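Below is query.txt, holding compact mmCIF, N, CA and C atoms.
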```txt
# COMPACT_ATOMS: atom_id res chain seq x y z
N MET A 229 -8.21 -8.97 -27.42
CA MET A 229 -7.85 -8.29 -26.21
C MET A 229 -7.25 -6.94 -26.58
N SER A 230 -7.69 -5.92 -25.88
CA SER A 230 -7.19 -4.58 -26.20
C SER A 230 -5.82 -4.36 -25.56
N VAL A 231 -5.19 -3.32 -25.99
CA VAL A 231 -3.87 -2.96 -25.46
C VAL A 231 -3.98 -2.59 -23.99
N TRP A 232 -5.08 -1.93 -23.61
CA TRP A 232 -5.25 -1.53 -22.22
C TRP A 232 -5.41 -2.75 -21.30
N ALA A 233 -6.16 -3.73 -21.77
CA ALA A 233 -6.34 -4.95 -20.97
C ALA A 233 -5.03 -5.71 -20.85
N ALA A 234 -4.25 -5.73 -21.91
CA ALA A 234 -2.95 -6.41 -21.86
C ALA A 234 -2.02 -5.71 -20.88
N ALA A 235 -2.05 -4.38 -20.86
CA ALA A 235 -1.20 -3.65 -19.92
C ALA A 235 -1.63 -3.93 -18.47
N ALA A 236 -2.93 -3.99 -18.22
CA ALA A 236 -3.41 -4.30 -16.87
C ALA A 236 -3.03 -5.71 -16.47
N LEU A 237 -3.12 -6.64 -17.42
CA LEU A 237 -2.76 -8.02 -17.14
C LEU A 237 -1.27 -8.16 -16.83
N VAL A 238 -0.44 -7.44 -17.56
CA VAL A 238 1.01 -7.48 -17.30
C VAL A 238 1.31 -6.94 -15.91
N LEU A 239 0.66 -5.85 -15.54
CA LEU A 239 0.88 -5.30 -14.19
C LEU A 239 0.45 -6.28 -13.11
N LEU A 240 -0.71 -6.92 -13.32
CA LEU A 240 -1.19 -7.86 -12.31
C LEU A 240 -0.35 -9.13 -12.26
N ALA A 241 0.13 -9.59 -13.40
CA ALA A 241 0.87 -10.85 -13.44
C ALA A 241 2.34 -10.68 -13.06
N ALA A 242 2.92 -9.54 -13.36
CA ALA A 242 4.35 -9.37 -13.13
C ALA A 242 4.65 -8.57 -11.86
N ALA A 243 4.02 -7.43 -11.71
CA ALA A 243 4.39 -6.55 -10.61
C ALA A 243 3.70 -6.90 -9.29
N ALA A 244 2.44 -7.28 -9.34
CA ALA A 244 1.71 -7.54 -8.10
C ALA A 244 2.30 -8.69 -7.28
N PRO A 245 2.67 -9.83 -7.86
CA PRO A 245 3.28 -10.88 -7.04
C PRO A 245 4.60 -10.47 -6.40
N VAL A 246 5.38 -9.69 -7.12
CA VAL A 246 6.65 -9.22 -6.56
C VAL A 246 6.39 -8.30 -5.38
N CYS A 247 5.41 -7.41 -5.52
CA CYS A 247 5.07 -6.52 -4.41
C CYS A 247 4.56 -7.30 -3.20
N LEU A 248 3.73 -8.29 -3.45
CA LEU A 248 3.23 -9.12 -2.34
C LEU A 248 4.35 -9.89 -1.66
N TRP A 249 5.31 -10.37 -2.44
CA TRP A 249 6.43 -11.10 -1.86
C TRP A 249 7.27 -10.18 -0.99
N VAL A 250 7.53 -8.97 -1.47
CA VAL A 250 8.33 -8.01 -0.70
C VAL A 250 7.56 -7.59 0.56
N ALA A 251 6.24 -7.42 0.44
CA ALA A 251 5.44 -7.00 1.58
C ALA A 251 5.30 -8.09 2.64
N SER A 252 5.57 -9.32 2.28
CA SER A 252 5.41 -10.40 3.26
C SER A 252 6.72 -10.86 3.89
N ARG A 253 7.84 -10.37 3.41
CA ARG A 253 9.13 -10.81 3.92
C ARG A 253 10.03 -9.62 4.21
N GLY A 254 11.01 -9.85 5.05
CA GLY A 254 12.03 -8.83 5.28
C GLY A 254 11.72 -7.93 6.46
N SER A 255 12.46 -6.83 6.50
CA SER A 255 12.33 -5.90 7.61
C SER A 255 11.04 -5.09 7.48
N THR A 256 10.77 -4.32 8.49
CA THR A 256 9.55 -3.51 8.49
C THR A 256 9.58 -2.46 7.39
N VAL A 257 10.73 -1.86 7.19
CA VAL A 257 10.84 -0.84 6.15
C VAL A 257 10.64 -1.46 4.77
N ARG A 258 11.17 -2.65 4.57
CA ARG A 258 11.00 -3.32 3.28
C ARG A 258 9.55 -3.71 3.05
N ARG A 259 8.87 -4.19 4.08
CA ARG A 259 7.45 -4.52 3.93
C ARG A 259 6.63 -3.29 3.64
N LEU A 260 6.98 -2.17 4.27
CA LEU A 260 6.28 -0.92 4.02
C LEU A 260 6.47 -0.48 2.57
N ALA A 261 7.67 -0.62 2.05
CA ALA A 261 7.93 -0.27 0.65
C ALA A 261 7.13 -1.17 -0.29
N GLY A 262 7.02 -2.45 0.04
CA GLY A 262 6.24 -3.36 -0.78
C GLY A 262 4.77 -3.00 -0.79
N MET A 263 4.24 -2.59 0.36
CA MET A 263 2.83 -2.19 0.42
C MET A 263 2.58 -0.92 -0.38
N CYS A 264 3.50 0.04 -0.28
CA CYS A 264 3.33 1.29 -1.04
C CYS A 264 3.38 1.02 -2.54
N LEU A 265 4.31 0.18 -2.95
CA LEU A 265 4.42 -0.14 -4.36
C LEU A 265 3.20 -0.90 -4.85
N LEU A 266 2.67 -1.79 -4.03
CA LEU A 266 1.48 -2.54 -4.41
C LEU A 266 0.27 -1.61 -4.58
N SER A 267 0.14 -0.63 -3.72
CA SER A 267 -0.98 0.31 -3.89
C SER A 267 -0.83 1.11 -5.17
N ASN A 268 0.40 1.43 -5.56
CA ASN A 268 0.60 2.13 -6.83
C ASN A 268 0.27 1.24 -8.02
N VAL A 269 0.64 -0.03 -7.95
CA VAL A 269 0.35 -0.96 -9.04
C VAL A 269 -1.16 -1.15 -9.18
N VAL A 270 -1.85 -1.34 -8.08
CA VAL A 270 -3.30 -1.53 -8.14
C VAL A 270 -3.97 -0.26 -8.63
N GLY A 271 -3.48 0.90 -8.22
CA GLY A 271 -4.03 2.16 -8.73
C GLY A 271 -3.85 2.28 -10.24
N ALA A 272 -2.70 1.86 -10.74
CA ALA A 272 -2.49 1.89 -12.20
C ALA A 272 -3.43 0.92 -12.91
N VAL A 273 -3.66 -0.23 -12.33
CA VAL A 273 -4.60 -1.19 -12.93
C VAL A 273 -6.00 -0.60 -12.93
N PHE A 274 -6.37 0.07 -11.84
CA PHE A 274 -7.70 0.69 -11.78
C PHE A 274 -7.84 1.85 -12.75
N LEU A 275 -6.75 2.42 -13.20
CA LEU A 275 -6.82 3.44 -14.24
C LEU A 275 -6.83 2.85 -15.64
N LEU A 276 -6.30 1.64 -15.80
CA LEU A 276 -6.31 1.00 -17.11
C LEU A 276 -7.64 0.32 -17.42
N LEU A 277 -8.29 -0.21 -16.42
CA LEU A 277 -9.55 -0.92 -16.66
C LEU A 277 -10.67 -0.05 -17.24
N PRO A 278 -10.83 1.20 -16.82
CA PRO A 278 -11.87 2.02 -17.48
C PRO A 278 -11.60 2.23 -18.97
N GLN A 279 -10.33 2.28 -19.35
CA GLN A 279 -10.02 2.40 -20.76
C GLN A 279 -10.39 1.13 -21.52
N THR A 280 -10.24 0.00 -20.87
CA THR A 280 -10.55 -1.28 -21.50
C THR A 280 -12.04 -1.45 -21.71
N TYR A 281 -12.83 -1.18 -20.67
CA TYR A 281 -14.27 -1.45 -20.72
C TYR A 281 -15.10 -0.22 -21.08
N GLN A 282 -14.47 0.91 -21.35
CA GLN A 282 -15.15 2.15 -21.74
C GLN A 282 -16.19 2.58 -20.70
N ARG A 283 -15.85 2.47 -19.45
CA ARG A 283 -16.74 2.91 -18.36
C ARG A 283 -15.96 3.85 -17.45
N SER A 284 -16.31 5.09 -17.48
CA SER A 284 -15.57 6.08 -16.70
C SER A 284 -15.84 5.95 -15.20
N SER A 285 -16.90 5.28 -14.82
CA SER A 285 -17.20 5.15 -13.39
C SER A 285 -16.17 4.29 -12.66
N TYR A 286 -15.45 3.45 -13.39
CA TYR A 286 -14.41 2.63 -12.75
C TYR A 286 -13.23 3.47 -12.28
N GLN A 287 -13.10 4.67 -12.79
CA GLN A 287 -12.01 5.53 -12.35
C GLN A 287 -12.19 5.98 -10.91
N ASP A 288 -13.41 5.91 -10.41
CA ASP A 288 -13.65 6.27 -9.02
C ASP A 288 -12.88 5.37 -8.07
N LEU A 289 -12.72 4.11 -8.43
CA LEU A 289 -11.93 3.19 -7.59
C LEU A 289 -10.50 3.67 -7.46
N ALA A 290 -9.93 4.13 -8.56
CA ALA A 290 -8.56 4.63 -8.53
C ALA A 290 -8.46 5.88 -7.65
N LEU A 291 -9.46 6.74 -7.72
CA LEU A 291 -9.44 7.95 -6.90
C LEU A 291 -9.56 7.62 -5.41
N VAL A 292 -10.43 6.68 -5.09
CA VAL A 292 -10.59 6.28 -3.68
C VAL A 292 -9.30 5.64 -3.17
N LEU A 293 -8.69 4.79 -3.99
CA LEU A 293 -7.42 4.17 -3.59
C LEU A 293 -6.33 5.21 -3.41
N ALA A 294 -6.30 6.21 -4.27
CA ALA A 294 -5.29 7.26 -4.16
C ALA A 294 -5.44 8.04 -2.86
N VAL A 295 -6.65 8.15 -2.35
CA VAL A 295 -6.87 8.86 -1.09
C VAL A 295 -6.59 7.96 0.11
N LEU A 296 -6.99 6.69 0.02
CA LEU A 296 -6.88 5.80 1.17
C LEU A 296 -5.52 5.14 1.33
N ALA A 297 -4.76 4.99 0.27
CA ALA A 297 -3.47 4.29 0.36
C ALA A 297 -2.47 5.00 1.28
N PRO A 298 -2.31 6.31 1.21
CA PRO A 298 -1.38 6.95 2.16
C PRO A 298 -1.84 6.81 3.61
N ALA A 299 -3.15 6.85 3.83
CA ALA A 299 -3.65 6.66 5.20
C ALA A 299 -3.35 5.24 5.69
N GLY A 300 -3.51 4.26 4.82
CA GLY A 300 -3.16 2.89 5.19
C GLY A 300 -1.68 2.73 5.48
N THR A 301 -0.86 3.42 4.74
CA THR A 301 0.58 3.39 4.99
C THR A 301 0.91 3.97 6.36
N LEU A 302 0.26 5.06 6.71
CA LEU A 302 0.50 5.66 8.02
C LEU A 302 0.04 4.75 9.15
N VAL A 303 -1.10 4.09 8.97
CA VAL A 303 -1.59 3.17 10.00
C VAL A 303 -0.64 1.99 10.16
N PHE A 304 -0.17 1.43 9.03
CA PHE A 304 0.79 0.32 9.10
C PHE A 304 2.07 0.76 9.80
N THR A 305 2.55 1.94 9.49
CA THR A 305 3.77 2.44 10.12
C THR A 305 3.59 2.62 11.61
N ARG A 306 2.43 3.11 12.01
CA ARG A 306 2.16 3.32 13.43
C ARG A 306 2.14 2.00 14.19
N PHE A 307 1.50 0.98 13.63
CA PHE A 307 1.44 -0.31 14.31
C PHE A 307 2.77 -1.04 14.25
N ALA A 308 3.53 -0.86 13.19
CA ALA A 308 4.82 -1.53 13.08
C ALA A 308 5.85 -0.92 14.02
N ALA A 309 5.69 0.35 14.34
CA ALA A 309 6.65 1.02 15.23
C ALA A 309 6.47 0.60 16.68
N GLY A 310 5.32 0.06 17.03
CA GLY A 310 5.07 -0.36 18.40
C GLY A 310 4.51 0.78 19.22
N PRO A 311 4.22 0.50 20.48
CA PRO A 311 3.62 1.54 21.32
C PRO A 311 4.63 2.65 21.64
N ARG A 312 4.13 3.86 21.66
CA ARG A 312 4.99 4.98 22.01
C ARG A 312 5.07 5.08 23.51
N ARG A 313 6.23 5.49 23.97
CA ARG A 313 6.42 5.66 25.40
C ARG A 313 6.56 7.14 25.70
N ALA A 314 5.96 7.55 26.78
CA ALA A 314 6.06 8.95 27.19
C ALA A 314 7.47 9.23 27.69
N PRO A 315 7.98 10.43 27.52
CA PRO A 315 9.33 10.75 28.00
C PRO A 315 9.46 10.59 29.50
N ASP A 316 8.39 10.83 30.25
CA ASP A 316 8.45 10.68 31.71
C ASP A 316 8.68 9.22 32.11
N ASP A 317 8.09 8.28 31.37
CA ASP A 317 8.27 6.86 31.68
C ASP A 317 9.71 6.44 31.47
N ALA A 318 10.34 6.93 30.42
CA ALA A 318 11.73 6.57 30.14
C ALA A 318 12.66 7.11 31.22
N GLU A 319 12.40 8.31 31.72
CA GLU A 319 13.23 8.88 32.77
C GLU A 319 13.07 8.13 34.07
N ARG A 320 11.83 7.69 34.38
CA ARG A 320 11.62 6.95 35.61
C ARG A 320 12.28 5.59 35.58
N GLU A 321 12.27 4.93 34.43
CA GLU A 321 12.91 3.61 34.33
C GLU A 321 14.42 3.73 34.46
N GLY A 322 15.01 4.81 34.01
CA GLY A 322 16.45 4.97 34.07
C GLY A 322 16.95 5.35 35.44
N SER A 323 16.09 5.86 36.29
CA SER A 323 16.52 6.32 37.62
C SER A 323 15.88 5.48 38.72
N ASP A 324 16.06 4.16 38.66
CA ASP A 324 15.52 3.24 39.67
C ASP A 324 16.53 3.02 40.77
N THR A 325 17.06 4.07 41.36
CA THR A 325 18.05 3.92 42.44
C THR A 325 17.46 4.18 43.76
```

Write the structure described by the file as structure tokens, please.
Amino acid sequence: MSVWAAAALVLLAAAAPVCLWVASRGSTVRRLAGMCLLSNVVGAVFLLLPQTYQRSSYQDLALVLAVLAPAGTLVFTRFAAGPRRAPDDAEREGSDT
């Protein structure tokens, strides 16, 4: 086993379960932090695997993940925050006299 494969295995065995545990429990902010950290761990694994197998095409996965992970974080944040209310609706609810 090469050093690169061992590094990828350590990341998958040690860091990924911790990130999944944090992403599945706790407050919304804590789950968001777990998801962001998990995308970083998976991106690092996707950068280590091309070194292991000597195939540069596998680096494309890391590039795609680097582009899509922030967008996924924004989508999760939007859904976790709940529906937005217009300022006019809030004023009407407060003045029901």

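The shell of residues at most 8 Å from Ala243 of chain A, with all atoms listed in the file counted and near chain neighbours (fewer than 6 positions) removed, consists of A:Leu237, A:Trp249, A:Leu265, A:Leu266, A:Val269, A:Val270.
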
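Candidate residues A:Gln279, A:Ser252, A:Ser267, A:Ser285 were compared for distance to Ala233 of chain A, and the nearest is A:Gln279, using only N, CA and C atoms.
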
Quick one: of A:Thr280, A:Leu302, A:Leu275, A:Gln287, who's nearest to Ala234 of chain A, counting all atoms listed in the file?
-> A:Thr280

Contacts of Ala236 of chain A at 8 Å or less, counting only C-alpha atoms, minus same-chain residues fewer than 4 places along, as a list in words?
-> Trp232, Leu240, Ala272, Val273, Leu276 and Leu277 of chain A

Which residue out of A:Ala294, A:Cys247, A:Ala309, A:Met229 has the minimum interatomic distance to Ala261 of chain A when all atoms listed in the file are used?
-> A:Cys247

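In this structure, atom CA of Ala297 of chain A sits 14.4 Å away from atom CA of Ala251 of chain A.
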
At what distance in Å, to one decimal, does atom CA of Gly300 of chain A lie from atom N of Arg259 of chain A?
-> 14.0 Å

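Between atom C of Phe274 of chain A and atom CA of Ala290 of chain A the interatomic distance comes to 5.1 Å.
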
Residues flagged alpha helix (DSSP H) by DSSP in chain A, as a VMD selection string | chain A and resid 231 to 238 244 to 252 256 to 281 287 to 309 315 to 322

Starting from 5 Å padding per side, set up an axis-aligned box that covers all listed atoms of segment 288-301 of chain A and hand over centre and edge lengths in Å, one decimal, as AutoDock Vina command-line options.
```
--center_x -6.4 --center_y 5.8 --center_z -2.0 --size_x 24.6 --size_y 16.1 --size_z 26.8
```
